[in-house]
Structure formats: C-alpha cells, structure tokens
Amino acid sequence: MTASRAILAMFSIVAVCGVLLGAFGAQLQGDMPCPLCILQRMAMLLCVAGPAWLLARSWRREVDAVDYAQCYGASIVAALAGAAMSGRQVLIHIAPGDPGYGEPMLGMHLYSWAFVVFATVVLVSALQMLLLPSRGERLPFPRASREVVGLAIALAALNMVAVFLEEGFPAVLPDNPPES
C-alpha cells in the first residue's frame with residue numbers, strides 16, 4: 001500500500017504542476033493573468049505543498065496517520081480557498097453575453113478549469129485521508145519524489161518571478177493586467 005500512497009502523492013504534485021505550466025503557456029502567448037488568477041496560482045502551489053511536505057518528511061523518517069492528516073488537511077484548506085477565488089471569478093463572468101476573461105481552453109476559461117482542479121484536489125486529499133496508514137511507514141521512490149518536489153519548488157519560484165516582472169512591486173495589484 002505504501003507504493004500506491006507515494007505514487008498518488010507524486011501524481012497529485014505533477015498534475016497540479018502541469019496545470020500551472022499550462023497557465024504559463026497561456027501567459028507566454030499573451031494571456032496575462034489578472035490578480036485573481038495570480039491568487040489561484042498561489043492556492044494551487046499551496047495545494048501541492050501538502051503532498052510535497054509528506055514526501056519530504058518521508059525522506060528523514062517514517063510517516064504516520066498524523067502526518068497524512070496534516071499534509072492532506074493543508075491541501076484541502078488551500079483548495080477550498082482557491083475554489084472560493086475561482087468560483088468568485090466564474091460568478092463575475094456568468095452573466096449572459098459576458099465573453100469572460102482571456103481565451104477559453106478546451107471550451108472553458110482558465111478560472112473555470114481552476115475550479116475543477118481545486119474540487120479534484122479536495123476529493124483526492126479526502127480519499128488519501130480515508131486511507132490513513134495504521135502504523136508508521138516509509139514511502140518509497142525517494143529519488144523520484146525529490147525530483148517531483150523540486151519541480152514544485154521551481155514552479156513556485158517561476159511564479160514569483162513572473163508576477164514581479166508583470167506587476168512590479170505595487171502595494172495593490174490593478175484590477176486587470178496591462179494590455180500587451
């Protein structure tokens with residue numbers, strides 16, 4: 001059972017990082033993120049922090065039910081905050097005739113996809129918490145888990161640089177990003 005727990009934790013990180021990379025791809029094509037989008041990206045990074053923290057703990061010692069509950073509980077809290085932000089953005093653009101913000105991808109805007117991602121994070125994290133280990137266990141694949149956690153850290157740094165390059169250091173972000 002430990003291998004499947006480690007694989008699911010790594011898959012959770014890679015899936016959310018993939019979504020963040022897709023958002024960067026849209027940004028590089030000129031679809032600049034608004035402040036709500038930036039906050040949603042931060043919430044996604046916090047969702048990744050739970051499984052990453054769990055994997056990092058397993059490098060030094062066995063992880064137990066309390067570790068799982070803390071890590072996946074943190075992911076659920078971050079996902080609920082992100083769902084509130086993306087849900088607010090969906091409601092801003094729900095009026096008939098409103099074209100929404102940015103170009104749709106696969107039929108939905110990025111903030112709609114973000115809501116789906118946050119709902120999925122809540123579901124996967126809750127399922128992981130339902131399958132808590134009865135005793136301490138050491139998660140396998142330390143090399144792969146280090147690379148996956150490194151990916152999450154690199155994306156966090158990339159997000160920080162992208163926001164500062166886009167917005168500078170203002171006390172308050174503008175409502176809409178500058179037109180390019």
# chains A, B, ... in the order shown; residues from 1 in each chain; ligands from 1
$ closest_atom_pairs --of "segment 45-78 of chain A" --to "segment 143-155 of chain A" --cutoff "9 Å" --atoms "only C-alpha atoms" --output "tab-separated table"
residue	atom	partner	partner_atom	distance
A:Leu45	CA	A:Ala152	CA	7.4
A:Val48	CA	A:Ala152	CA	7.2
A:Ala49	CA	A:Ala152	CA	8.1
A:Pro51	CA	A:Val149	CA	8.8
A:Ala52	CA	A:Val149	CA	5.6
A:Trp53	CA	A:Val149	CA	8.5
A:Leu55	CA	A:Ser145	CA	6.5
A:Ala56	CA	A:Arg146	CA	7.7
A:Trp59	CA	A:Arg146	CA	8.8
$ select_by_dssp --residues "chain A" --states "helix (DSSP H, G or I)" --output "tab-separated table (two decimals) with N, CA, C and O atoms, in the first residue's frame"
chain	number	residue	atom	x	y	z
A	2	THR	N	2.07	1.19	0.54
A	2	THR	CA	2.90	2.39	0.62
A	2	THR	C	3.30	2.91	-0.76
A	2	THR	O	3.38	4.10	-0.96
A	3	ALA	N	3.55	2.00	-1.71
A	3	ALA	CA	3.93	2.43	-3.05
A	3	ALA	C	2.80	3.23	-3.69
A	3	ALA	O	3.03	4.26	-4.32
A	4	SER	N	1.57	2.77	-3.53
A	4	SER	CA	0.45	3.49	-4.13
A	4	SER	C	0.25	4.85	-3.47
A	4	SER	O	-0.12	5.81	-4.13
A	5	ARG	N	0.51	4.96	-2.18
A	5	ARG	CA	0.40	6.26	-1.50
A	5	ARG	C	1.44	7.24	-2.05
A	5	ARG	O	1.15	8.40	-2.29
A	6	ALA	N	2.67	6.77	-2.22
A	6	ALA	CA	3.73	7.62	-2.74
A	6	ALA	C	3.44	8.03	-4.18
A	6	ALA	O	3.63	9.19	-4.56
A	7	ILE	N	2.98	7.09	-4.98
A	7	ILE	CA	2.66	7.39	-6.38
A	7	ILE	C	1.53	8.40	-6.46
A	7	ILE	O	1.58	9.34	-7.26
A	8	LEU	N	0.50	8.25	-5.63
A	8	LEU	CA	-0.61	9.20	-5.66
A	8	LEU	C	-0.16	10.58	-5.20
A	8	LEU	O	-0.57	11.59	-5.77
A	9	ALA	N	0.72	10.65	-4.21
A	9	ALA	CA	1.24	11.95	-3.76
A	9	ALA	C	2.04	12.60	-4.89
A	9	ALA	O	1.87	13.79	-5.16
A	10	MET	N	2.90	11.83	-5.54
A	10	MET	CA	3.69	12.38	-6.64
A	10	MET	C	2.80	12.77	-7.83
A	10	MET	O	3.00	13.81	-8.45
A	11	PHE	N	1.81	11.94	-8.12
A	11	PHE	CA	0.89	12.25	-9.22
A	11	PHE	C	0.12	13.54	-8.92
A	11	PHE	O	-0.09	14.36	-9.83
A	12	SER	N	-0.30	13.73	-7.68
A	12	SER	CA	-1.01	14.95	-7.30
A	12	SER	C	-0.16	16.18	-7.57
A	12	SER	O	-0.63	17.18	-8.10
A	13	ILE	N	1.11	16.10	-7.21
A	13	ILE	CA	2.02	17.22	-7.43
A	13	ILE	C	2.22	17.47	-8.92
A	13	ILE	O	2.10	18.60	-9.40
A	14	VAL	N	2.49	16.41	-9.68
A	14	VAL	CA	2.75	16.56	-11.11
A	14	VAL	C	1.50	17.08	-11.84
A	14	VAL	O	1.61	17.93	-12.74
A	15	ALA	N	0.32	16.61	-11.47
A	15	ALA	CA	-0.90	17.05	-12.14
A	15	ALA	C	-1.14	18.55	-11.94
A	15	ALA	O	-1.42	19.28	-12.89
A	16	VAL	N	-1.02	19.01	-10.70
A	16	VAL	CA	-1.24	20.44	-10.44
A	16	VAL	C	-0.13	21.27	-11.08
A	16	VAL	O	-0.39	22.34	-11.64
A	17	CYS	N	1.11	20.78	-11.04
A	17	CYS	CA	2.20	21.50	-11.70
A	17	CYS	C	1.97	21.56	-13.21
A	17	CYS	O	2.30	22.55	-13.86
A	18	GLY	N	1.40	20.51	-13.78
A	18	GLY	CA	1.06	20.53	-15.20
A	18	GLY	C	0.05	21.61	-15.53
A	18	GLY	O	0.15	22.30	-16.56
A	19	VAL	N	-0.94	21.78	-14.67
A	19	VAL	CA	-1.93	22.84	-14.87
A	19	VAL	C	-1.25	24.21	-14.79
A	19	VAL	O	-1.52	25.10	-15.60
A	20	LEU	N	-0.35	24.38	-13.82
A	20	LEU	CA	0.38	25.64	-13.69
A	20	LEU	C	1.26	25.90	-14.92
A	20	LEU	O	1.36	27.04	-15.38
A	21	LEU	N	1.88	24.87	-15.46
A	21	LEU	CA	2.67	25.04	-16.68
A	21	LEU	C	1.79	25.44	-17.85
A	21	LEU	O	2.19	26.25	-18.69
A	22	GLY	N	0.59	24.88	-17.92
A	22	GLY	CA	-0.37	25.28	-18.95
A	22	GLY	C	-0.76	26.74	-18.83
A	22	GLY	O	-0.89	27.46	-19.83
A	23	ALA	N	-0.93	27.20	-17.59
A	23	ALA	CA	-1.24	28.62	-17.37
A	23	ALA	C	-0.08	29.50	-17.82
A	23	ALA	O	-0.29	30.57	-18.40
A	24	PHE	N	1.16	29.04	-17.57
A	24	PHE	CA	2.32	29.80	-18.05
A	24	PHE	C	2.35	29.82	-19.57
A	24	PHE	O	2.72	30.82	-20.18
A	25	GLY	N	1.98	28.71	-20.19
A	25	GLY	CA	1.93	28.67	-21.65
A	25	GLY	C	0.95	29.70	-22.19
A	25	GLY	O	1.24	30.40	-23.16
A	26	ALA	N	-0.21	29.80	-21.55
A	26	ALA	CA	-1.19	30.81	-21.97
A	26	ALA	C	-0.64	32.21	-21.74
A	26	ALA	O	-0.85	33.12	-22.55
A	27	GLN	N	0.08	32.40	-20.64
A	27	GLN	CA	0.66	33.70	-20.33
A	27	GLN	C	1.71	34.08	-21.38
A	27	GLN	O	1.77	35.23	-21.81
A	28	LEU	N	2.53	33.13	-21.80
A	28	LEU	CA	3.56	33.41	-22.81
A	28	LEU	C	2.95	33.74	-24.16
A	28	LEU	O	3.59	34.38	-24.98
A	35	PRO	N	-5.20	39.67	-11.12
A	35	PRO	CA	-4.87	39.39	-9.71
A	35	PRO	C	-5.56	38.14	-9.15
A	35	PRO	O	-4.95	37.39	-8.40
A	36	LEU	N	-6.82	37.89	-9.54
A	36	LEU	CA	-7.50	36.68	-9.07
A	36	LEU	C	-6.80	35.43	-9.62
A	36	LEU	O	-6.68	34.42	-8.92
A	37	CYS	N	-6.33	35.50	-10.86
A	37	CYS	CA	-5.61	34.37	-11.45
A	37	CYS	C	-4.31	34.11	-10.70
A	37	CYS	O	-3.94	32.96	-10.47
A	38	ILE	N	-3.62	35.19	-10.33
A	38	ILE	CA	-2.38	35.05	-9.58
A	38	ILE	C	-2.65	34.40	-8.22
A	38	ILE	O	-1.92	33.50	-7.79
A	39	LEU	N	-3.72	34.82	-7.56
A	39	LEU	CA	-4.08	34.21	-6.28
A	39	LEU	C	-4.44	32.74	-6.44
A	39	LEU	O	-4.11	31.91	-5.58
A	40	GLN	N	-5.10	32.41	-7.55
A	40	GLN	CA	-5.44	31.00	-7.80
A	40	GLN	C	-4.18	30.17	-8.02
A	40	GLN	O	-4.09	29.03	-7.55
A	41	ARG	N	-3.20	30.73	-8.69
A	41	ARG	CA	-1.93	30.02	-8.87
A	41	ARG	C	-1.25	29.79	-7.51
A	41	ARG	O	-0.70	28.72	-7.26
A	42	MET	N	-1.30	30.80	-6.66
A	42	MET	CA	-0.71	30.64	-5.33
A	42	MET	C	-1.43	29.55	-4.55
A	42	MET	O	-0.79	28.75	-3.86
A	43	ALA	N	-2.76	29.51	-4.66
A	43	ALA	CA	-3.52	28.47	-3.97
A	43	ALA	C	-3.17	27.09	-4.51
A	43	ALA	O	-3.08	26.12	-3.76
A	44	MET	N	-2.94	26.99	-5.83
A	44	MET	CA	-2.54	25.70	-6.40
A	44	MET	C	-1.18	25.27	-5.86
A	44	MET	O	-0.97	24.09	-5.56
A	45	LEU	N	-0.27	26.23	-5.73
A	45	LEU	CA	1.03	25.90	-5.15
A	45	LEU	C	0.89	25.44	-3.70
A	45	LEU	O	1.58	24.53	-3.26
A	46	LEU	N	-0.03	26.05	-2.96
A	46	LEU	CA	-0.27	25.61	-1.59
A	46	LEU	C	-0.90	24.21	-1.56
A	46	LEU	O	-0.64	23.42	-0.65
A	47	CYS	N	-1.74	23.90	-2.56
A	47	CYS	CA	-2.31	22.55	-2.66
A	47	CYS	C	-1.20	21.51	-2.85
A	47	CYS	O	-1.27	20.41	-2.31
A	48	VAL	N	-0.20	21.87	-3.60
A	48	VAL	CA	0.94	20.98	-3.86
A	48	VAL	C	1.81	20.85	-2.62
A	48	VAL	O	2.48	19.82	-2.42
A	49	ALA	N	1.81	21.87	-1.77
A	49	ALA	CA	2.68	21.86	-0.59
A	49	ALA	C	2.36	20.69	0.34
A	49	ALA	O	3.27	20.14	0.96
A	50	GLY	N	1.10	20.28	0.44
A	50	GLY	CA	0.73	19.17	1.32
A	50	GLY	C	1.41	17.86	0.94
A	50	GLY	O	2.17	17.29	1.74
A	51	PRO	N	1.18	17.37	-0.29
A	51	PRO	CA	1.86	16.13	-0.69
A	51	PRO	C	3.38	16.28	-0.73
A	51	PRO	O	4.11	15.34	-0.42
A	52	ALA	N	3.88	17.46	-1.11
A	52	ALA	CA	5.34	17.67	-1.14
A	52	ALA	C	5.92	17.58	0.27
A	52	ALA	O	6.98	16.99	0.49
A	53	TRP	N	5.22	18.15	1.22
A	53	TRP	CA	5.64	18.11	2.63
A	53	TRP	C	5.67	16.65	3.11
A	53	TRP	O	6.59	16.22	3.79
A	54	LEU	N	4.64	15.89	2.74
A	54	LEU	CA	4.57	14.48	3.14
A	54	LEU	C	5.75	13.70	2.56
A	54	LEU	O	6.41	12.93	3.27
A	55	LEU	N	6.04	13.90	1.28
A	55	LEU	CA	7.17	13.21	0.67
A	55	LEU	C	8.49	13.62	1.32
A	55	LEU	O	9.35	12.79	1.59
A	56	ALA	N	8.65	14.92	1.58
A	56	ALA	CA	9.88	15.40	2.20
A	56	ALA	C	10.05	14.83	3.61
A	56	ALA	O	11.16	14.49	4.02
A	57	ARG	N	8.95	14.70	4.35
A	57	ARG	CA	9.04	14.08	5.68
A	57	ARG	C	9.49	12.63	5.57
A	57	ARG	O	10.22	12.13	6.42
A	58	SER	N	9.03	11.95	4.53
A	58	SER	CA	9.35	10.52	4.40
A	58	SER	C	10.82	10.29	4.07
A	58	SER	O	11.31	9.18	4.20
A	59	TRP	N	11.55	11.34	3.64
A	59	TRP	CA	12.98	11.17	3.36
A	59	TRP	C	13.76	10.98	4.64
A	59	TRP	O	14.81	10.36	4.64
A	60	ARG	N	13.27	11.55	5.75
A	60	ARG	CA	14.02	11.52	7.01
A	60	ARG	C	13.51	10.49	8.00
A	60	ARG	O	14.25	10.05	8.86
A	65	ALA	N	-0.19	8.38	10.47
A	65	ALA	CA	-1.52	8.93	10.18
A	65	ALA	C	-1.60	10.43	10.46
A	65	ALA	O	-2.26	11.17	9.72
A	66	VAL	N	-0.92	10.89	11.50
A	66	VAL	CA	-0.93	12.32	11.82
A	66	VAL	C	-0.28	13.11	10.70
A	66	VAL	O	-0.78	14.17	10.30
A	67	ASP	N	0.82	12.62	10.15
A	67	ASP	CA	1.50	13.29	9.04
A	67	ASP	C	0.57	13.40	7.83
A	67	ASP	O	0.46	14.45	7.21
A	68	TYR	N	-0.08	12.28	7.50
A	68	TYR	CA	-1.01	12.29	6.37
A	68	TYR	C	-2.14	13.29	6.60
A	68	TYR	O	-2.49	14.06	5.71
A	69	ALA	N	-2.71	13.26	7.80
A	69	ALA	CA	-3.83	14.15	8.10
A	69	ALA	C	-3.40	15.62	8.01
A	69	ALA	O	-4.13	16.44	7.45
A	70	GLN	N	-2.24	15.95	8.55
A	70	GLN	CA	-1.76	17.33	8.49
A	70	GLN	C	-1.49	17.76	7.05
A	70	GLN	O	-1.90	18.85	6.63
A	71	CYS	N	-0.81	16.94	6.29
A	71	CYS	CA	-0.43	17.31	4.93
A	71	CYS	C	-1.64	17.42	4.01
A	71	CYS	O	-1.79	18.41	3.28
A	72	TYR	N	-2.50	16.42	4.04
A	72	TYR	CA	-3.66	16.47	3.15
A	72	TYR	C	-4.73	17.43	3.67
A	72	TYR	O	-5.48	18.01	2.89
A	73	GLY	N	-4.79	17.63	4.97
A	73	GLY	CA	-5.69	18.66	5.52
A	73	GLY	C	-5.28	20.04	5.05
A	73	GLY	O	-6.12	20.87	4.68
A	74	ALA	N	-3.96	20.32	5.01
A	74	ALA	CA	-3.47	21.60	4.50
A	74	ALA	C	-3.83	21.77	3.02
A	74	ALA	O	-4.20	22.86	2.58
A	75	SER	N	-3.74	20.68	2.25
A	75	SER	CA	-4.11	20.75	0.84
A	75	SER	C	-5.60	21.06	0.67
A	75	SER	O	-5.99	21.82	-0.21
A	76	ILE	N	-6.42	20.46	1.52
A	76	ILE	CA	-7.86	20.71	1.44
A	76	ILE	C	-8.17	22.17	1.76
A	76	ILE	O	-8.96	22.82	1.07
A	77	VAL	N	-7.53	22.72	2.79
A	77	VAL	CA	-7.76	24.13	3.15
A	77	VAL	C	-7.34	25.04	1.98
A	77	VAL	O	-8.07	25.97	1.61
A	78	ALA	N	-6.18	24.77	1.39
A	78	ALA	CA	-5.71	25.57	0.26
A	78	ALA	C	-6.66	25.44	-0.94
A	78	ALA	O	-6.97	26.43	-1.61
A	79	ALA	N	-7.14	24.23	-1.19
A	79	ALA	CA	-8.06	24.01	-2.31
A	79	ALA	C	-9.40	24.71	-2.08
A	79	ALA	O	-10.00	25.24	-3.03
A	80	LEU	N	-9.88	24.72	-0.85
A	80	LEU	CA	-11.14	25.43	-0.57
A	80	LEU	C	-10.97	26.93	-0.77
A	80	LEU	O	-11.87	27.60	-1.32
A	81	ALA	N	-9.83	27.48	-0.36
A	81	ALA	CA	-9.56	28.91	-0.59
A	81	ALA	C	-9.48	29.18	-2.09
A	81	ALA	O	-10.05	30.16	-2.58
A	82	GLY	N	-8.77	28.33	-2.82
A	82	GLY	CA	-8.67	28.50	-4.27
A	82	GLY	C	-10.01	28.36	-4.96
A	82	GLY	O	-10.31	29.09	-5.91
A	83	ALA	N	-10.83	27.42	-4.50
A	83	ALA	CA	-12.16	27.24	-5.09
A	83	ALA	C	-13.02	28.48	-4.85
A	83	ALA	O	-13.81	28.87	-5.72
A	84	ALA	N	-12.87	29.10	-3.69
A	84	ALA	CA	-13.61	30.34	-3.43
A	84	ALA	C	-13.18	31.44	-4.39
A	84	ALA	O	-14.02	32.17	-4.93
A	85	MET	N	-11.88	31.54	-4.65
A	85	MET	CA	-11.37	32.56	-5.57
A	85	MET	C	-11.81	32.29	-7.01
A	85	MET	O	-12.28	33.19	-7.71
A	86	SER	N	-11.64	31.05	-7.45
A	86	SER	CA	-12.03	30.75	-8.83
A	86	SER	C	-13.54	30.78	-8.99
A	86	SER	O	-14.05	31.21	-10.03
A	87	GLY	N	-14.27	30.36	-7.95
A	87	GLY	CA	-15.73	30.46	-8.00
A	87	GLY	C	-16.19	31.90	-8.10
A	87	GLY	O	-17.14	32.22	-8.83
A	88	ARG	N	-15.52	32.80	-7.39
A	88	ARG	CA	-15.85	34.23	-7.48
A	88	ARG	C	-15.62	34.72	-8.90
A	88	ARG	O	-16.43	35.45	-9.46
A	89	GLN	N	-14.52	34.31	-9.51
A	89	GLN	CA	-14.24	34.77	-10.87
A	89	GLN	C	-15.24	34.19	-11.87
A	89	GLN	O	-15.64	34.88	-12.80
A	90	VAL	N	-15.67	32.97	-11.67
A	90	VAL	CA	-16.71	32.39	-12.52
A	90	VAL	C	-17.99	33.23	-12.39
A	90	VAL	O	-18.63	33.56	-13.39
A	91	LEU	N	-18.35	33.58	-11.16
A	91	LEU	CA	-19.57	34.36	-10.94
A	91	LEU	C	-19.47	35.77	-11.52
A	91	LEU	O	-20.48	36.33	-11.94
A	92	ILE	N	-18.27	36.34	-11.55
A	92	ILE	CA	-18.10	37.66	-12.16
A	92	ILE	C	-18.46	37.62	-13.64
A	92	ILE	O	-19.04	38.56	-14.18
A	110	LEU	N	-9.68	29.64	-18.02
A	110	LEU	CA	-8.73	29.10	-17.06
A	110	LEU	C	-9.28	29.10	-15.63
A	110	LEU	O	-9.02	28.18	-14.86
A	111	TYR	N	-10.05	30.12	-15.25
A	111	TYR	CA	-10.60	30.15	-13.90
A	111	TYR	C	-11.65	29.06	-13.69
A	111	TYR	O	-11.81	28.57	-12.58
A	112	SER	N	-12.34	28.67	-14.75
A	112	SER	CA	-13.28	27.54	-14.64
A	112	SER	C	-12.51	26.23	-14.46
A	112	SER	O	-12.89	25.38	-13.65
A	113	TRP	N	-11.41	26.09	-15.20
A	113	TRP	CA	-10.57	24.91	-15.04
A	113	TRP	C	-9.96	24.89	-13.65
A	113	TRP	O	-9.82	23.82	-13.04
A	114	ALA	N	-9.61	26.07	-13.14
A	114	ALA	CA	-9.04	26.14	-11.79
A	114	ALA	C	-10.03	25.60	-10.76
A	114	ALA	O	-9.66	24.87	-9.84
A	115	PHE	N	-11.31	25.94	-10.93
A	115	PHE	CA	-12.33	25.44	-10.00
A	115	PHE	C	-12.38	23.91	-10.05
A	115	PHE	O	-12.46	23.25	-9.01
A	116	VAL	N	-12.29	23.35	-11.26
A	116	VAL	CA	-12.28	21.88	-11.41
A	116	VAL	C	-11.05	21.29	-10.72
A	116	VAL	O	-11.14	20.27	-10.02
A	117	VAL	N	-9.90	21.93	-10.88
A	117	VAL	CA	-8.67	21.44	-10.24
A	117	VAL	C	-8.82	21.46	-8.72
A	117	VAL	O	-8.47	20.48	-8.05
A	118	PHE	N	-9.34	22.56	-8.17
A	118	PHE	CA	-9.49	22.65	-6.72
A	118	PHE	C	-10.47	21.61	-6.19
A	118	PHE	O	-10.23	20.99	-5.15
A	119	ALA	N	-11.56	21.37	-6.91
A	119	ALA	CA	-12.51	20.34	-6.48
A	119	ALA	C	-11.85	18.96	-6.51
A	119	ALA	O	-12.06	18.14	-5.61
A	120	THR	N	-11.02	18.72	-7.52
A	120	THR	CA	-10.31	17.44	-7.63
A	120	THR	C	-9.30	17.27	-6.49
A	120	THR	O	-9.17	16.18	-5.93
A	121	VAL	N	-8.60	18.35	-6.14
A	121	VAL	CA	-7.64	18.29	-5.03
A	121	VAL	C	-8.36	17.94	-3.73
A	121	VAL	O	-7.87	17.12	-2.94
A	122	VAL	N	-9.52	18.55	-3.50
A	122	VAL	CA	-10.28	18.23	-2.29
A	122	VAL	C	-10.66	16.75	-2.29
A	122	VAL	O	-10.49	16.05	-1.28
A	123	LEU	N	-11.14	16.25	-3.41
A	123	LEU	CA	-11.55	14.85	-3.49
A	123	LEU	C	-10.38	13.89	-3.27
A	123	LEU	O	-10.47	12.97	-2.46
A	124	VAL	N	-9.27	14.12	-3.96
A	124	VAL	CA	-8.11	13.23	-3.83
A	124	VAL	C	-7.53	13.29	-2.42
A	124	VAL	O	-7.18	12.26	-1.83
A	125	SER	N	-7.46	14.50	-1.86
A	125	SER	CA	-6.92	14.64	-0.50
A	125	SER	C	-7.83	13.95	0.52
A	125	SER	O	-7.34	13.30	1.45
A	126	ALA	N	-9.12	14.09	0.35
A	126	ALA	CA	-10.06	13.43	1.26
A	126	ALA	C	-9.94	11.91	1.14
A	126	ALA	O	-9.97	11.20	2.16
A	127	LEU	N	-9.79	11.40	-0.08
A	127	LEU	CA	-9.61	9.95	-0.25
A	127	LEU	C	-8.31	9.48	0.40
A	127	LEU	O	-8.28	8.42	1.02
A	128	GLN	N	-7.25	10.26	0.27
A	128	GLN	CA	-5.99	9.90	0.93
A	128	GLN	C	-6.17	9.86	2.45
A	128	GLN	O	-5.60	9.01	3.12
A	129	MET	N	-6.96	10.79	2.98
A	129	MET	CA	-7.18	10.82	4.43
A	129	MET	C	-8.05	9.65	4.89
A	129	MET	O	-7.92	9.19	6.02
A	130	LEU	N	-8.92	9.16	4.01
A	130	LEU	CA	-9.73	7.99	4.36
A	130	LEU	C	-8.88	6.73	4.43
A	130	LEU	O	-9.26	5.77	5.10
A	142	PRO	N	12.46	7.56	-3.16
A	142	PRO	CA	12.97	8.86	-2.71
A	142	PRO	C	13.56	9.70	-3.84
A	142	PRO	O	13.40	10.90	-3.87
A	143	ARG	N	14.20	9.08	-4.84
A	143	ARG	CA	14.79	9.85	-5.94
A	143	ARG	C	13.71	10.54	-6.76
A	143	ARG	O	13.78	11.74	-7.00
A	144	ALA	N	12.71	9.81	-7.18
A	144	ALA	CA	11.63	10.41	-7.98
A	144	ALA	C	10.88	11.46	-7.17
A	144	ALA	O	10.50	12.49	-7.71
A	145	SER	N	10.69	11.20	-5.88
A	145	SER	CA	9.95	12.17	-5.08
A	145	SER	C	10.74	13.46	-4.93
A	145	SER	O	10.18	14.55	-4.91
A	146	ARG	N	12.06	13.37	-4.87
A	146	ARG	CA	12.90	14.58	-4.79
A	146	ARG	C	12.77	15.40	-6.07
A	146	ARG	O	12.71	16.63	-6.03
A	147	GLU	N	12.72	14.74	-7.21
A	147	GLU	CA	12.57	15.46	-8.48
A	147	GLU	C	11.20	16.12	-8.57
A	147	GLU	O	11.09	17.25	-9.05
A	148	VAL	N	10.18	15.44	-8.12
A	148	VAL	CA	8.82	16.00	-8.17
A	148	VAL	C	8.70	17.20	-7.23
A	148	VAL	O	8.14	18.23	-7.60
A	149	VAL	N	9.24	17.08	-6.04
A	149	VAL	CA	9.23	18.22	-5.10
A	149	VAL	C	10.06	19.36	-5.67
A	149	VAL	O	9.68	20.54	-5.56
A	150	GLY	N	11.16	19.06	-6.32
A	150	GLY	CA	11.98	20.09	-6.97
A	150	GLY	C	11.21	20.82	-8.06
A	150	GLY	O	11.34	22.04	-8.21
A	151	LEU	N	10.39	20.08	-8.81
A	151	LEU	CA	9.53	20.70	-9.82
A	151	LEU	C	8.58	21.71	-9.18
A	151	LEU	O	8.41	22.82	-9.68
A	152	ALA	N	7.97	21.33	-8.07
A	152	ALA	CA	7.04	22.23	-7.38
A	152	ALA	C	7.75	23.48	-6.88
A	152	ALA	O	7.24	24.60	-7.02
A	153	ILE	N	8.95	23.32	-6.36
A	153	ILE	CA	9.72	24.47	-5.87
A	153	ILE	C	10.12	25.37	-7.03
A	153	ILE	O	10.03	26.60	-6.94
A	154	ALA	N	10.53	24.79	-8.14
A	154	ALA	CA	10.90	25.58	-9.32
A	154	ALA	C	9.70	26.37	-9.84
A	154	ALA	O	9.83	27.53	-10.22
A	155	LEU	N	8.52	25.73	-9.85
A	155	LEU	CA	7.33	26.44	-10.31
A	155	LEU	C	6.94	27.57	-9.36
A	155	LEU	O	6.46	28.62	-9.80
A	156	ALA	N	7.13	27.38	-8.08
A	156	ALA	CA	6.86	28.45	-7.12
A	156	ALA	C	7.78	29.64	-7.40
A	156	ALA	O	7.33	30.79	-7.43
A	157	ALA	N	9.06	29.37	-7.64
A	157	ALA	CA	10.00	30.45	-7.95
A	157	ALA	C	9.65	31.12	-9.28
A	157	ALA	O	9.68	32.35	-9.39
A	158	LEU	N	9.28	30.32	-10.27
A	158	LEU	CA	8.90	30.86	-11.57
A	158	LEU	C	7.67	31.76	-11.45
A	158	LEU	O	7.60	32.83	-12.07
A	159	ASN	N	6.70	31.34	-10.65
A	159	ASN	CA	5.51	32.16	-10.42
A	159	ASN	C	5.88	33.49	-9.78
A	159	ASN	O	5.36	34.54	-10.17
A	160	MET	N	6.75	33.44	-8.80
A	160	MET	CA	7.16	34.67	-8.11
A	160	MET	C	7.84	35.63	-9.08
A	160	MET	O	7.51	36.81	-9.13
A	161	VAL	N	8.73	35.12	-9.89
A	161	VAL	CA	9.43	35.96	-10.85
A	161	VAL	C	8.44	36.52	-11.87
A	161	VAL	O	8.48	37.71	-12.21
A	162	ALA	N	7.53	35.69	-12.37
A	162	ALA	CA	6.56	36.14	-13.38
A	162	ALA	C	5.67	37.25	-12.83
A	162	ALA	O	5.39	38.23	-13.53
A	163	VAL	N	5.22	37.12	-11.59
A	163	VAL	CA	4.36	38.15	-11.00
A	163	VAL	C	5.12	39.46	-10.85
A	163	VAL	O	4.62	40.53	-11.19
A	164	PHE	N	6.36	39.39	-10.37
A	164	PHE	CA	7.13	40.62	-10.19
A	164	PHE	C	7.49	41.25	-11.53
A	164	PHE	O	7.51	42.47	-11.65
A	165	LEU	N	7.76	40.45	-12.55
A	165	LEU	CA	8.04	41.02	-13.87
A	165	LEU	C	6.80	41.68	-14.46
A	165	LEU	O	6.90	42.69	-15.14
A	166	GLU	N	5.64	41.07	-14.22
A	166	GLU	CA	4.39	41.60	-14.77
A	166	GLU	C	3.93	42.84	-14.02
A	166	GLU	O	3.52	43.83	-14.63
A	167	GLU	N	3.97	42.80	-12.70
A	167	GLU	CA	3.35	43.84	-11.89
A	167	GLU	C	4.32	44.78	-11.18
A	167	GLU	O	3.90	45.81	-10.68
$ atom_distance --atom1 "atom CA of Pro104 of chain A" --atom2 "atom CA of Pro170 of chain A"
28.7 Å
$ atom_distance --atom1 "atom CA of His93 of chain A" --atom2 "atom CA of Met105 of chain A"
15.6 Å
$ residues_around --residues "Glu103 of chain A" --least-positions-apart "4" --cutoff "10 Å" --atoms "only C-alpha atoms" --output "list in words"
Ala26, Gly30, Asp31, Pro99, Gly107, Met108, His109 and Leu110 of chain A
$ atom_distance --atom1 "atom CA of Arg61 of chain A" --atom2 "atom CA of Leu131 of chain A"
19.6 Å
